[in-house]
Amino acid sequence: MTHRLLSQIEEPLALHAMSVSDLTELGREVREVLCNLVTERTAHFASNLGVVELCLALHSVFDFRKDRLIWDTGHQVYPHKLVTGRYAEFAAIRTHGGLMGYPNPAESPYDLFMTGHAGCSVSTALGLKTGDDLLGRTDRRAVAVIGDGAFSSGIVFEAMNNAGGLKKNLLVILNDNKMSICPRVGGMAGYLDRLRTNPFYTGLKSEVVRMLNHVPLFGDPTERFLAQMKEAVKAGLHGGMLFEDLGFRYLGPIDGHDLSVLRKYLKMVQDLEGPILLHIVTEKGHGYEPAAEDPVYFHTPPALRNIVQTQDPSANQGLAFTDVARDAILERMRRDPRVTVLTAAMCQGNKLESIRSEFPERFFDTGICESHAVAFAAGQAKVGIRPIVDIYSTFLQRSFDQIFQEVALQNLPVVFMLDRSGLVGPDGPTHHGAFDLPYLRIFPHLVVMAPGDAHDLGNMLDFALSHDAPCSIRYPKAGAPTFPGDRGAVELGRAEILSWGRDGVILCCGALLGECLLAAQQLRGQGLDVGVVNARFVKPLDAGVIERALCQGGFVVTVEEGCLAGGYGSAVLETATDAGWNVHRLRRLGLPDRFIEHGERRALLADLGLDADGIAQACLAMAHGADMLCGAECTGN
């Protein structure tokens, strides 16, 4: 399907010549493309529908060949991609080899940062502006678009505090849709609600908008008077105003779906000096009624053609590790009133809605504030509560210092549940949980675990809640099998020997256990007897099993769905070299030293040699004497 306007846009400068009616038609085409996309496969949807008019207004007023634009978070960037020369490639977004679902500087000069984590836009935009000024490019404007869900992040206020002091010409656009992924939480949410819904101010705003629509040129004395009047009314209604007190000129709230008003305000702020916060009100899912009514479900819905069966409660979708984790947490909360759950705006992603409903007094959503969540949990643990911090691996690393200072250093029994550890598929390098093993295993006191299946996950949670030290449990965004057999109990630092091999042993860390078992089965068909060990613990390691594997003949292959640098295989090598054991027949398989692109998880595992076939091939190479250098790494190619 060809779209008349979109198909002709090679550069966003073309939007400068468009009338409001043309831009409105362009907006309809953008929404049609978005709806067509999610008909075929999962993609970020409701957030992108909500910023169509904002995106078109920005590109029709600013020239981002020289001006600077940061989208925070980047999952709302689809309309931007469509009008910056990527319409022809858009159908392949979030597929292996296609466009990324987040900003990507490798795709376009209009994408300045790969923004997949929330809250950093004000800092980076301020850095861009100060850098341009230092280089004499003072005519360049810097714009940060940030959602109200991300706005509560601590780094936002660190940046605003700095920007207010520097008094640089910085425009922060607060896109207020009353949502994060789930409904936003906290005092800032209430403050924005009061700004948006005050009856007297709302009425005055409507009058001002009607009058502004009759003012043809900005800079007109009438309009300056109206703007000053509006500022005076806001100050009277809301005291000193939080944003003004931070050094920002506050404008708004305005209708984020009214192209004419958006363009007028954007043109006005181009001529204003100093930091400005423009508060716009949008509707997440705007233009597609089901998404507007249920923006949580339509944040990243399954393909629309599959929605009916996905929503059918009788459909057998199979349990994922996230489901198993949720059920295990819920059961432990029923048994022990000391157990709490903390998450950082990931209630839906971690499937914690049932926990929030059943135990609202023991469920804490901190918003997109991971550092606070971890320090908050430390405080609970100090007084005898058993807090579980349930956050994606890629987001938990934002709280690195609090894991160190407030938890590990104090040796407090906080349990970290790291969802989305390993490869997360279409979300790509900003979201792959590649680094949690290295950044967690360095801390004294902290126990690091990786379940091989659903059986392990529940037992590890029991262990963690009874252990008087911090513990972490990592698991992927994947199905959670349960492997049969007489499974051993989870004991501190003990691996589980599922089989022992005459020719070699696979030491598996985590949820690739099924692939390792399949690989061993394949190898038996080729005459090789290869055992499989479920490592379970990354810290402390089972040194006895490692010694047996290295010192009783045969080869050893370690397998992990995480980065090789500093991961489980590295820990095995460290233990072996410290003990003086022979490591010449040891090979590590894991994620190489590069950022992994987006794509389906199965395809990425195959590309990286981490599926059953790849693991079997690595074992065959070791058995036949190839690649026997100490610690040889798998490049995945």
# chains A, B, ... in the order shown; residues from 1 in each chain; ligands from 1
>>> closest_atom_pairs(of="region 114-133 of chain A", to="region 420-429 of chain A", cutoff="12 Å", atoms="only C-alpha atoms", output="Markdown table")
| residue | atom | partner | partner_atom | distance |
| --- | --- | --- | --- | --- |
| A:Met114 | CA | A:Pro429 | CA | 9.1 |
| A:Thr115 | CA | A:Pro429 | CA | 10.3 |
| A:Gly116 | CA | A:Pro429 | CA | 8.6 |
| A:His117 | CA | A:Pro429 | CA | 11.0 |
>>> closest_residue(among="A:Tyr265, A:Phe113, A:Tyr392, A:Tyr78", to="Ile368 (chain A)", atoms="only C-alpha atoms")
A:Tyr392
>>> select_by_dssp(residues="region 82-213 of chain A", states="helix (DSSP H, G or I)", output="PyMOL selection string")
chain A and resi 82+90-92+121-134+150-152+154-166+187-197+199-212
>>> closest_residue(among="A:Met160, A:Leu5, A:Cys563, A:Val389", to="Glu244 (chain A)", atoms="only C-alpha atoms")
A:Met160
>>> select_by_dssp(residues="region 512-622 of chain A", states="strand (DSSP E or B)", output="JSON, numbers by chain")
{"A": [530, 531, 532, 533, 534, 537, 538, 539, 555, 556, 557, 558, 559, 560, 561, 562, 563, 586, 587, 588, 589, 590, 591]}
>>> closest_residue(among="A:Val30, A:Met449, A:Asp67, A:Gly131", to="Phe90 (chain A)", atoms="only C-alpha atoms")
A:Val30
>>> residues_around(residues="Arg263 (chain A)", least_positions_apart="3", cutoff="12 Å", atoms="only C-alpha atoms", output="ChimeraX atom specification")
/A:15-16,18-20,23,53-62,212-213,217-218,254-260,266-270,280
